[in-house]
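Everything below belongs to structure-v4.cif, which stores mmCIF, C-alpha atoms.
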```
data_final
loop_
_atom_site.label_atom_id
_atom_site.label_comp_id
_atom_site.auth_asym_id
_atom_site.auth_seq_id
_atom_site.Cartn_x
_atom_site.Cartn_y
_atom_site.Cartn_z
CA MET A 1 0.00 0.00 0.00
CA ARG A 2 1.23 3.52 -0.82
CA ILE A 3 0.63 6.79 1.01
CA GLY A 4 -1.11 8.09 -2.10
CA MET A 5 -3.51 5.17 -1.90
CA LEU A 6 -4.20 6.05 1.72
CA GLN A 7 -5.14 9.60 0.77
CA ALA A 8 -7.40 8.30 -2.00
CA LYS A 9 -9.03 5.91 0.44
CA GLU A 10 -9.74 8.67 2.93
CA GLU A 11 -11.29 10.88 0.25
CA ALA A 12 -13.38 8.04 -1.11
CA ALA A 13 -14.59 7.08 2.32
CA ARG A 14 -15.83 10.59 2.92
CA THR A 15 -17.87 10.48 -0.26
CA SER A 16 -19.17 6.92 0.42
CA VAL A 17 -17.71 5.63 -2.86
CA LEU A 18 -15.98 2.61 -1.29
CA SER A 19 -17.58 -0.13 0.71
CA SER A 20 -16.48 -0.59 4.32
CA ARG A 21 -15.17 -4.04 3.39
CA TRP A 22 -12.73 -2.59 0.84
CA ILE A 23 -11.68 0.22 3.20
CA ASN A 24 -10.55 -2.32 5.81
CA LEU A 25 -8.94 -4.71 3.36
CA TRP A 26 -5.69 -2.73 3.12
CA LYS A 27 -5.06 -3.29 6.84
CA TYR A 28 -3.98 -6.85 6.05
CA THR A 29 -1.68 -6.07 3.14
CA THR A 30 1.84 -7.49 3.47
CA ARG A 31 3.44 -4.73 1.38
CA LEU A 32 3.68 -1.18 2.72
CA LYS A 33 5.33 1.36 0.38
CA LEU A 34 5.13 4.59 2.33
CA ASP A 35 6.50 7.06 -0.20
CA GLY A 36 6.17 10.78 0.38
CA ASP A 37 4.33 12.92 -2.10
CA GLU A 38 6.64 13.68 -5.04
CA ARG A 39 5.48 17.29 -4.87
CA LEU A 40 7.36 17.72 -1.60
CA ALA A 41 10.73 16.94 -3.20
CA LYS A 42 10.06 19.71 -5.73
CA LEU A 43 8.89 21.98 -2.92
CA ARG A 44 12.18 21.47 -1.05
CA LYS A 45 14.18 22.46 -4.15
CA GLN A 46 12.02 25.42 -5.14
CA CYS A 47 11.45 27.17 -1.84
CA MET A 48 14.11 26.34 0.71
CA SER A 49 13.46 29.70 2.33
CA ARG A 50 9.84 28.75 3.07
CA CYS A 51 10.83 26.36 5.86
CA LYS A 52 7.50 26.60 7.68
CA LEU A 53 5.64 25.26 4.65
CA ILE A 54 8.11 22.39 4.21
CA GLU A 55 7.97 21.47 7.90
CA THR A 56 4.16 21.49 7.79
CA GLU A 57 4.08 19.09 4.84
CA GLU A 58 6.64 16.80 6.49
CA ARG A 59 4.59 16.66 9.69
CA LYS A 60 1.54 15.70 7.63
CA TYR A 61 3.51 12.81 6.11
CA VAL A 62 4.62 11.58 9.54
CA ARG A 63 1.05 11.68 10.85
CA ARG A 64 -0.20 9.72 7.82
CA VAL A 65 2.44 7.03 8.28
CA ASN A 66 1.69 6.75 11.99
CA ARG A 67 -2.03 6.43 11.23
CA VAL A 68 -1.34 3.65 8.71
CA LEU A 69 0.85 1.72 11.15
CA ARG A 70 -1.64 2.03 14.01
CA SER A 71 -4.38 0.62 11.81
CA HIS A 72 -2.33 -2.12 10.15
CA GLU A 73 -3.16 -5.60 11.44
CA ALA A 74 -1.09 -8.05 9.36
CA LEU A 75 1.23 -10.20 11.47
CA ALA A 76 4.00 -10.35 8.86
CA LEU A 77 5.39 -8.07 6.12
CA LYS A 78 6.89 -9.00 2.80
CA GLN A 79 7.92 -5.42 2.04
CA PHE A 80 8.29 -2.21 4.04
CA ARG A 81 9.54 0.95 2.33
CA ILE A 82 10.02 4.49 3.62
CA ARG A 83 11.02 7.04 0.99
CA PHE A 84 11.04 10.63 2.16
CA ALA A 85 13.26 13.59 3.16
CA LEU A 86 12.82 13.63 6.92
CA ILE A 87 13.94 16.44 9.18
CA ILE A 88 15.84 15.83 12.43
CA THR A 89 12.77 15.99 14.68
CA ASP A 90 11.26 13.03 12.82
CA HIS A 91 13.99 10.58 13.81
CA ALA A 92 12.13 9.24 16.83
CA SER A 93 9.16 8.39 14.62
CA LEU A 94 11.42 6.72 12.08
CA THR A 95 12.92 4.49 14.76
CA LEU A 96 9.41 3.41 15.76
CA TRP A 97 8.67 2.59 12.11
CA LEU A 98 11.77 0.38 11.96
CA GLU A 99 10.69 -1.41 15.13
CA PHE A 100 7.26 -1.94 13.57
CA ALA A 101 8.81 -3.55 10.47
CA PHE A 102 11.27 -5.74 12.36
CA ALA A 103 8.57 -6.91 14.79
CA ARG A 104 6.58 -8.19 11.79
CA ARG A 105 9.51 -10.22 10.46
CA VAL A 106 9.87 -8.03 7.37
CA GLU A 107 11.44 -9.70 4.33
CA SER A 108 12.35 -6.60 2.29
CA LEU A 109 13.25 -3.37 4.11
CA GLU A 110 14.08 -0.11 2.28
CA ILE A 111 14.75 3.22 3.99
CA ASP A 112 15.47 6.05 1.55
CA LEU A 113 15.62 9.40 3.32
CA LEU A 114 16.98 11.38 0.36
CA ASP A 115 18.57 13.98 2.64
CA SER A 116 19.00 13.21 6.33
CA HIS A 117 21.29 12.95 9.36
CA TYR A 118 19.44 9.95 10.74
CA ARG A 119 21.67 7.37 12.41
CA PHE A 120 20.55 3.78 12.62
CA PRO A 121 20.04 2.97 16.34
CA GLU A 122 22.23 -0.01 17.21
CA LYS A 123 19.88 -0.91 20.06
CA LEU A 124 17.47 -2.29 17.45
CA VAL A 125 19.81 -5.20 16.76
CA TYR A 126 21.79 -5.58 19.99
CA ALA A 127 19.19 -4.99 22.72
CA SER A 128 16.10 -6.65 21.30
CA LEU A 129 14.58 -10.09 21.06
CA ILE A 130 13.56 -9.60 17.45
CA ASP A 131 14.08 -12.49 15.06
CA PHE A 132 15.74 -11.20 11.88
CA LYS A 133 15.84 -14.53 10.08
CA SER A 134 13.12 -13.55 7.58
CA LEU A 135 15.08 -10.59 6.15
CA ARG A 136 15.97 -11.11 2.47
CA SER A 137 16.64 -7.57 1.24
CA LEU A 138 18.06 -4.55 3.11
CA ILE A 139 18.42 -1.12 1.46
CA PHE A 140 19.61 2.00 3.31
CA ARG A 141 20.03 5.33 1.52
CA ASN A 142 21.14 8.32 3.59
CA VAL A 143 20.90 6.23 6.74
CA HIS A 144 24.13 6.51 8.71
CA VAL A 145 24.75 2.94 9.79
CA SER A 146 28.03 1.66 11.24
CA ASN A 147 29.92 -1.58 10.60
CA GLY A 148 28.42 -3.34 13.62
CA PRO A 149 24.75 -3.51 12.59
CA ILE A 150 25.64 -4.40 8.97
CA GLU A 151 27.86 -7.26 10.05
CA PHE A 152 25.17 -8.31 12.53
CA PHE A 153 22.64 -8.60 9.69
CA LEU A 154 25.13 -10.62 7.63
CA ARG A 155 25.68 -13.05 10.51
CA ASN A 156 22.07 -13.35 11.67
CA CYS A 157 19.99 -13.17 8.49
CA PRO A 158 20.49 -16.52 6.77
CA LEU A 159 18.16 -15.56 3.89
CA LEU A 160 19.70 -12.14 3.15
CA GLU A 161 20.32 -11.92 -0.62
CA LYS A 162 20.47 -8.16 -1.25
CA LEU A 163 22.38 -5.49 0.69
CA ILE A 164 22.55 -1.88 -0.56
CA ILE A 165 24.11 0.99 1.41
CA TYR A 166 24.35 4.52 -0.03
CA TYR A 167 25.63 7.68 1.64
CA SER A 168 26.51 6.40 5.10
CA SER A 169 29.28 8.29 6.89
CA GLU A 170 29.57 5.70 9.68
CA LEU A 171 31.12 2.79 7.76
CA SER A 172 34.90 2.40 8.06
CA ASN A 173 36.39 -1.08 7.56
CA LEU A 174 33.56 -3.27 6.35
CA ARG A 175 33.74 -7.05 6.16
CA VAL A 176 31.08 -8.79 4.08
CA CYS A 177 31.91 -12.32 5.08
CA GLY A 178 28.95 -13.86 6.84
CA GLY A 179 29.21 -15.83 10.08
CA GLY A 180 31.89 -18.26 11.17
CA SER A 181 32.19 -19.48 7.58
CA SER A 182 31.59 -17.37 4.49
CA SER A 183 30.02 -20.44 2.88
CA SER A 184 26.92 -19.76 5.01
CA LEU A 185 26.41 -16.39 3.29
CA VAL A 186 23.74 -16.47 0.55
CA LEU A 187 24.20 -12.81 -0.45
CA LYS A 188 23.75 -12.31 -4.21
CA HIS A 189 23.58 -8.50 -4.63
CA LEU A 190 25.88 -6.03 -2.85
CA GLU A 191 26.24 -2.24 -3.28
CA ILE A 192 28.39 -0.01 -1.06
CA VAL A 193 28.39 3.45 -2.64
CA ARG A 194 29.37 6.98 -1.60
CA CYS A 195 30.15 6.03 1.99
CA ASN A 196 32.85 8.66 2.37
CA GLY A 197 34.32 7.40 5.64
CA ILE A 198 34.97 3.90 4.41
CA LYS A 199 38.61 2.82 4.22
CA SER A 200 38.40 -0.81 3.21
CA ILE A 201 35.90 -3.38 1.97
CA VAL A 202 36.53 -7.10 2.29
CA VAL A 203 34.13 -9.37 0.42
CA SER A 204 33.95 -13.13 0.68
CA ALA A 205 30.57 -14.26 -0.62
CA PRO A 206 30.35 -17.48 -2.64
CA SER A 207 26.83 -16.75 -3.98
CA LEU A 208 27.46 -13.12 -4.96
CA THR A 209 26.50 -12.32 -8.58
CA TYR A 210 26.44 -8.48 -8.57
CA PHE A 211 28.83 -6.12 -6.78
CA LYS A 212 29.06 -2.32 -6.86
CA ALA A 213 31.40 -0.16 -4.82
CA ALA A 214 32.42 3.50 -4.96
CA THR A 215 34.49 5.76 -2.70
CA TYR A 216 36.86 3.46 -0.83
CA ASP A 217 40.62 3.14 -0.32
CA ARG A 218 41.15 -0.63 -0.28
CA LEU A 219 39.15 -3.47 -1.80
CA LEU A 220 39.76 -7.16 -1.19
CA LEU A 221 37.70 -9.71 -3.12
CA GLU A 222 37.96 -13.42 -2.40
CA ASN A 223 35.78 -16.50 -2.73
CA ILE A 224 33.38 -14.94 -5.27
CA PRO A 225 33.14 -17.68 -7.93
CA MET A 226 29.57 -16.77 -9.04
CA LEU A 227 30.22 -13.09 -9.72
CA VAL A 228 28.65 -12.01 -13.04
CA GLU A 229 28.65 -8.18 -12.93
CA VAL A 230 30.95 -5.70 -11.19
CA ASP A 231 30.70 -1.90 -10.98
CA VAL A 232 33.66 -0.25 -9.22
CA ASN A 233 35.80 2.87 -9.27
CA ARG A 234 39.58 2.84 -9.19
CA THR A 235 42.46 5.25 -9.56
CA ASP A 236 43.84 5.04 -13.07
CA ASP A 237 47.26 3.70 -12.16
CA ASP A 238 49.11 0.46 -12.76
CA VAL A 239 49.01 -0.85 -9.18
CA SER A 240 45.29 -0.24 -8.56
CA LEU A 241 44.23 -1.79 -11.86
CA ARG A 242 46.51 -4.81 -11.51
CA VAL A 243 45.13 -5.55 -8.02
CA LEU A 244 41.55 -5.27 -9.29
CA PHE A 245 42.10 -7.35 -12.42
CA SER A 246 44.02 -9.98 -10.44
CA ALA A 247 41.05 -10.44 -8.10
CA LEU A 248 38.52 -10.49 -10.95
CA SER A 249 40.58 -12.86 -13.11
CA CYS A 250 39.59 -15.66 -10.74
CA CYS A 251 35.87 -15.06 -11.46
CA SER A 252 35.12 -17.45 -14.30
CA GLN A 253 31.47 -16.29 -14.52
CA LEU A 254 32.25 -12.56 -14.83
CA GLU A 255 30.58 -11.10 -17.93
CA THR A 256 30.17 -7.35 -17.27
CA LEU A 257 32.63 -4.86 -15.77
CA ARG A 258 31.76 -1.19 -15.25
CA LEU A 259 34.96 0.63 -14.38
CA THR A 260 35.00 4.26 -13.29
CA LEU A 261 38.53 5.63 -13.47
CA LEU A 262 39.62 8.48 -11.20
CA ILE A 263 42.41 9.97 -13.27
CA GLU A 264 45.56 11.53 -11.87
CA GLU A 265 47.66 14.06 -13.73
CA GLN A 266 50.58 11.64 -14.03
CA THR A 267 49.82 8.07 -15.12
CA GLU A 268 52.50 5.57 -16.02
CA VAL A 269 52.22 3.11 -18.86
CA LEU A 270 50.15 0.08 -17.90
CA SER A 271 51.97 -3.20 -17.67
CA LYS A 272 50.16 -6.23 -19.01
CA LEU A 273 47.01 -6.73 -16.96
CA PRO A 274 45.72 -10.13 -15.79
CA GLN A 275 43.12 -11.30 -18.27
CA LEU A 276 39.38 -11.47 -17.75
CA ARG A 277 38.83 -14.34 -20.13
CA ASN A 278 35.03 -14.51 -20.13
CA LEU A 279 34.22 -10.81 -19.94
CA LYS A 280 31.65 -9.84 -22.57
CA THR A 281 30.90 -6.17 -21.75
CA LEU A 282 33.32 -3.48 -20.55
CA VAL A 283 32.15 0.05 -19.66
CA VAL A 284 34.89 2.60 -18.88
CA THR A 285 33.89 5.95 -17.38
CA TYR A 286 36.33 8.80 -16.83
CA ILE A 287 35.58 11.20 -13.97
CA LEU A 288 38.51 13.64 -14.07
CA GLN A 289 40.45 14.90 -17.05
CA GLY A 290 44.17 14.22 -17.09
CA SER A 291 46.87 12.66 -19.24
CA GLU A 292 44.89 9.62 -20.35
CA SER A 293 45.84 8.12 -23.69
CA LEU A 294 44.58 5.80 -26.37
CA ALA A 295 47.16 3.20 -25.33
CA ARG A 296 45.54 2.86 -21.89
CA LEU A 297 42.15 2.16 -23.43
CA ALA A 298 43.75 -0.41 -25.72
CA ASP A 299 45.34 -2.09 -22.66
CA LEU A 300 41.97 -2.36 -20.92
CA ILE A 301 40.28 -3.81 -24.00
CA SER A 302 43.15 -6.26 -24.61
CA ALA A 303 42.81 -7.64 -21.07
CA SER A 304 39.43 -9.08 -22.14
CA PRO A 305 40.11 -11.34 -25.14
CA CYS A 306 36.44 -12.39 -25.55
CA LEU A 307 35.00 -8.88 -25.21
CA GLU A 308 31.93 -8.28 -27.39
CA GLU A 309 30.82 -4.80 -26.30
CA PHE A 310 32.89 -1.79 -25.21
CA VAL A 311 31.44 1.51 -23.94
CA LEU A 312 33.51 4.63 -23.33
CA GLU A 313 31.79 7.30 -21.22
CA CYS A 314 33.43 10.64 -20.58
CA GLU A 315 32.78 14.28 -19.89
CA TRP A 316 33.47 16.71 -22.68
CA GLY A 317 37.11 17.61 -22.62
CA PHE A 318 38.06 14.03 -21.72
CA PHE A 319 41.12 14.28 -23.97
CA ARG A 320 41.93 17.63 -22.42
CA LYS A 321 45.65 17.94 -23.06
CA LYS A 322 46.85 19.49 -26.26
CA ASP A 323 47.40 16.85 -28.89
CA SER A 324 51.07 17.72 -29.13
CA GLN A 325 51.58 17.01 -25.42
CA VAL A 326 50.35 13.40 -25.41
CA LYS A 327 51.45 11.14 -28.19
CA ASP A 328 50.74 7.43 -28.60
CA VAL A 329 52.97 5.06 -30.43
CA ALA A 330 51.37 3.03 -33.17
CA ILE A 331 49.06 0.43 -31.64
CA ASN A 332 48.16 -2.78 -33.41
CA ARG A 333 46.11 -5.08 -31.22
CA HIS A 334 43.39 -7.03 -32.93
CA HIS A 335 40.21 -7.58 -30.96
CA ASP A 336 38.65 -10.65 -32.52
CA HIS A 337 35.24 -10.65 -30.80
CA LEU A 338 34.38 -6.98 -30.30
CA LYS A 339 31.08 -6.35 -32.13
CA VAL A 340 29.59 -3.20 -30.56
CA VAL A 341 31.38 -0.01 -29.51
CA LYS A 342 29.67 3.02 -27.97
CA PHE A 343 31.35 6.39 -27.39
CA CYS A 344 29.41 8.65 -25.02
CA GLY A 345 30.72 12.20 -25.04
CA TYR A 346 32.13 12.35 -28.56
CA ARG A 347 32.95 15.96 -29.35
CA GLY A 348 34.85 15.78 -32.59
CA GLY A 349 36.74 18.99 -31.92
CA HIS A 350 39.68 17.04 -30.49
CA ILE A 351 41.79 14.83 -32.70
CA ARG A 352 41.95 12.29 -29.86
CA ASP A 353 38.23 11.52 -30.26
CA LEU A 354 38.77 10.65 -33.88
CA GLU A 355 41.94 8.65 -33.14
CA PHE A 356 39.98 6.40 -30.81
CA ILE A 357 37.33 5.73 -33.47
CA GLU A 358 40.01 5.01 -36.09
CA TYR A 359 41.72 2.59 -33.71
CA ILE A 360 38.42 0.74 -33.22
CA LEU A 361 37.73 0.55 -36.96
CA GLU A 362 41.20 -0.75 -37.71
CA ASN A 363 41.51 -3.32 -34.91
CA CYS A 364 38.00 -4.69 -34.31
CA LEU A 365 37.76 -7.30 -37.04
CA VAL A 366 34.10 -8.27 -36.52
CA LEU A 367 32.67 -4.86 -35.58
CA ASP A 368 28.92 -4.67 -36.36
CA LYS A 369 27.81 -1.40 -34.77
CA LEU A 370 29.39 1.92 -33.77
CA ILE A 371 27.23 4.14 -31.56
CA ILE A 372 28.09 7.80 -31.01
CA GLU A 373 26.36 9.79 -28.26
CA PRO A 374 27.52 13.42 -28.18
CA SER A 375 25.78 14.20 -24.90
CA ALA A 376 27.72 12.97 -21.87
CA SER A 377 27.44 15.87 -19.45
CA LYS A 378 24.50 17.54 -17.73
CA ASN A 379 26.22 20.87 -18.38
CA ASN A 380 26.11 20.54 -22.16
CA THR A 381 24.02 23.11 -23.96
CA ILE A 382 21.81 22.27 -26.93
CA GLU A 383 24.21 24.18 -29.17
CA MET A 384 27.20 22.16 -27.94
CA GLU A 385 25.39 18.88 -28.57
CA GLN A 386 24.29 19.98 -32.03
CA THR A 387 27.86 20.96 -32.90
CA ALA A 388 29.18 17.61 -31.68
CA ARG A 389 26.51 15.75 -33.62
CA THR A 390 27.39 17.67 -36.79
CA ASN A 391 31.09 16.94 -36.26
CA ALA A 392 30.36 13.25 -35.81
CA LYS A 393 28.41 13.03 -39.06
CA HIS A 394 31.01 14.99 -40.99
CA GLN A 395 34.00 13.07 -39.60
CA LEU A 396 32.65 9.52 -39.36
CA GLU A 397 30.13 8.83 -42.12
CA SER A 398 32.87 8.65 -44.77
CA ARG A 399 35.24 6.65 -42.53
CA VAL A 400 32.93 3.91 -41.29
CA PRO A 401 32.82 0.98 -43.75
CA PRO A 402 29.42 -0.12 -45.16
CA HIS A 403 29.27 -3.36 -43.16
CA VAL A 404 29.40 -1.40 -39.86
CA GLU A 405 26.18 0.25 -38.71
CA LEU A 406 26.85 3.83 -37.59
CA VAL A 407 24.32 5.21 -35.10
CA ILE A 408 24.59 8.87 -34.03
CA LEU A 409 22.18 9.57 -31.20
#
```
What would you get if you wrote out this structure as structure tokens?
Amino acid sequence: MRIGMLQAKEEAARTSVLSSRWINLWKYTTRLKLDGDERLAKLRKQCMSRCKLIETEERKYVRRVNRVLRSHEALALKQFRIRFALIITDHASLTLWLEFAFARRVESLEIDLLDSHYRFPEKLVYASLIDFKSLRSLIFRNVHVSNGPIEFFLRNCPLLEKLIIYYSSELSNLRVCGGGSSSSLVLKHLEIVRCNGIKSIVVSAPSLTYFKAATYDRLLLENIPMLVEVDVNRTDDDVSLRVLFSALSCCSQLETLRLTLLIEEQTEVLSKLPQLRNLKTLVVTYILQGSESLARLADLISASPCLEEFVLECEWGFFRKKDSQVKDVAINRHHDHLKVVKFCGYRGGHIRDLEFIEYILENCLVLDKLIIEPSASKNNTIEMEQTARTNAKHQLESRVPPHVELVIL
């Protein structure tokens, strides 16, 4: 049940449209999705100075949720979701909502506060008699939770398959390893993203198929034989990439790697990376402009001999240095399986953009499709995108052979 549905129910009840039987039926639903009105998110952005109005609307939301929970009579919950920008004075109510969900042996719990300083109360897991064994999915966004409760859930929730933590400042050195033996961990989906205080992440999860991590200093992956998709960020240097590729080279099921590179001004030439022999899709995203070169992209592609799809995503100005300052030696590395290449952020005003496309056309022997997307930045103007699109058509249509489909978005 959603908050919007609750409001509709109340209005309908006042006008005698709904029968009393239907009105009471929602009380036994096992899925409670208590999302705040989308208008309030817009209100927060548009009139931050009108705090009284925002606080009034937030108090209304809290009262509605409390009214729903007081009336709810189901003994168990399959899903419980709170999605709202709560102010500090609402934290006591939020803790009561968590207690309500845990007391009903919730299977899927999602708390998305959008913008909050709420800290998960450790007393909920350490000083209670609640049985957490039904929990299968746990999602916290903008909930500041420390290592202790997360590791408690991993040890005491034998059915937990999904764990997602975004924007928690309390995590430091996180171990995702289950109880006494990591073999008892059934976790399949793990995301630890934008937790700025985190220093290290250790993962040992034999059932894990999807892993995403961003903003961390040290990453140790072990005993992850079922891993299929990985989304991580790394500094664009030889040591960081070798450590990552060494860990992933042991994952025989790995098919998709999304790699966000945090570029430094000085980057040495990559030594030969450990190979990801079954990787099918590689997405490389550049965050900061620096001295990146075509040779580095060729090294990343070459480390995946069975690669079928390669996507390059970058902000405009990705090849920022003057062309005379960064020069690549001739590169001849055939990629025998690469069929689809997508370049997001193609500008055409830099010779480096064109060099990358020429390298792909010359070295990808079975290329079927080349996709060019000029828009890669929220700051791009319509004029900039139109210029890039015109450049792409002018520069590429005559270069791309007939058997390769050129798509300019």
Selection: 7 Å around range 141-150 of chain A, all atoms listed in the file, excl. self and same-chain fewer than 4 positions, as a PyMOL selection string:
chain A and resi 111-116+118-120+122+125+154+165-172+174
Once the PyMOL selection byres ((chain A and resi 74) around 12) has been applied to the shown file, what residues remain in the selection, as a list in words?
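With the PyMOL selection byres ((chain A and resi 74) around 12) on this model, the match is Asn24, Leu25, Trp26, Lys27, Tyr28, Thr29, Thr30, Arg31, Leu32, Val68, Leu69, Arg70, Ser71, His72, Glu73, Leu75, Ala76, Leu77, Lys78, Gln79, Phe100, Ala101, Ala103, Arg104, Arg105 and Val106 of chain A.
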Might you pull out every residue within 12 Å of Leu248 in chain A, with only C-alpha atoms counted and same-chain residues fewer than 4 positions away left off, and present them as an mmCIF file with C-alpha atoms, in the coordinates of the input?
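Full text of part-v2.cif as output:
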```cif
data_model
loop_
_atom_site.group_PDB
_atom_site.id
_atom_site.type_symbol
_atom_site.label_atom_id
_atom_site.label_comp_id
_atom_site.auth_asym_id
_atom_site.auth_seq_id
_atom_site.Cartn_x
_atom_site.Cartn_y
_atom_site.Cartn_z
ATOM 1 C CA PHE A 211 28.830 -6.120 -6.780
ATOM 2 C CA LEU A 219 39.150 -3.470 -1.800
ATOM 3 C CA LEU A 220 39.760 -7.160 -1.190
ATOM 4 C CA LEU A 221 37.700 -9.710 -3.120
ATOM 5 C CA GLU A 222 37.960 -13.420 -2.400
ATOM 6 C CA ASN A 223 35.780 -16.500 -2.730
ATOM 7 C CA ILE A 224 33.380 -14.940 -5.270
ATOM 8 C CA PRO A 225 33.140 -17.680 -7.930
ATOM 9 C CA MET A 226 29.570 -16.770 -9.040
ATOM 10 C CA LEU A 227 30.220 -13.090 -9.720
ATOM 11 C CA VAL A 228 28.650 -12.010 -13.040
ATOM 12 C CA GLU A 229 28.650 -8.180 -12.930
ATOM 13 C CA VAL A 230 30.950 -5.700 -11.190
ATOM 14 C CA ASP A 231 30.700 -1.900 -10.980
ATOM 15 C CA VAL A 232 33.660 -0.250 -9.220
ATOM 16 C CA LEU A 241 44.230 -1.790 -11.860
ATOM 17 C CA ARG A 242 46.510 -4.810 -11.510
ATOM 18 C CA VAL A 243 45.130 -5.550 -8.020
ATOM 19 C CA LEU A 244 41.550 -5.270 -9.290
ATOM 20 C CA SER A 252 35.120 -17.450 -14.300
ATOM 21 C CA GLN A 253 31.470 -16.290 -14.520
ATOM 22 C CA LEU A 254 32.250 -12.560 -14.830
ATOM 23 C CA GLU A 255 30.580 -11.100 -17.930
ATOM 24 C CA THR A 256 30.170 -7.350 -17.270
ATOM 25 C CA LEU A 257 32.630 -4.860 -15.770
ATOM 26 C CA LEU A 273 47.010 -6.730 -16.960
ATOM 27 C CA PRO A 274 45.720 -10.130 -15.790
ATOM 28 C CA GLN A 275 43.120 -11.300 -18.270
ATOM 29 C CA LEU A 276 39.380 -11.470 -17.750
ATOM 30 C CA ARG A 277 38.830 -14.340 -20.130
ATOM 31 C CA ASN A 278 35.030 -14.510 -20.130
ATOM 32 C CA LEU A 279 34.220 -10.810 -19.940
ATOM 33 C CA ALA A 303 42.810 -7.640 -21.070
ATOM 34 C CA SER A 304 39.430 -9.080 -22.140
#
```
Using the chain letters and numbers from this file, what does the PyMOL selection byres ((chain A and resi 260) around 6) select? Give the answer as a list in words.
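Selected by the PyMOL selection byres ((chain A and resi 260) around 6) in this file: Asn233, Leu259, Leu261, Val284, Thr285 and Tyr286 of chain A.
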If you measure from CA of Ala127 in chain A to CA of Lys199 in chain A, what distance in Å do you get, rounded to one decimal?
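Interatomic distance here is 27.9 Å.
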How would you write, as a VMD selection string, the residues chosen by the PyMOL selection byres ((chain A and resi 399-408) around 12) on this structure?
chain A and resid 339 to 347 354 to 355 357 to 362 364 to 375 385 to 386 388 to 398 409
Which polymer residues have any atom within 8 Å of an atom of range 61-66 of chain A, counting all atoms listed in the file, with same-chain residues fewer than 5 positions away left out, as a list in words?
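Here the answer would be Ile3, Leu34, Gly36, Asp90 and Ser93 of chain A.
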Separation of CA of Phe80 in chain A from CA of Trp97 in chain A in Å
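Calculated distance between CA of Trp97 in chain A and CA of Phe80 in chain A is 9.4 Å.
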List as a ChimeraX atom specification the protein and nucleic acid residues near Glu161 in chain A, meaning an atom at most 7 Å away when all atoms listed in the file are counted, but skip any in the same chain fewer than 4 places from it.
/A:136-137,186-189
Could you tell me how far CA of Leu282 in chain A lies from CA of Arg258 in chain A, in Å and to one decimal?
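Taking CA of Leu282 in chain A as the start and CA of Arg258 in chain A as the end point, the length is 6.0 Å.
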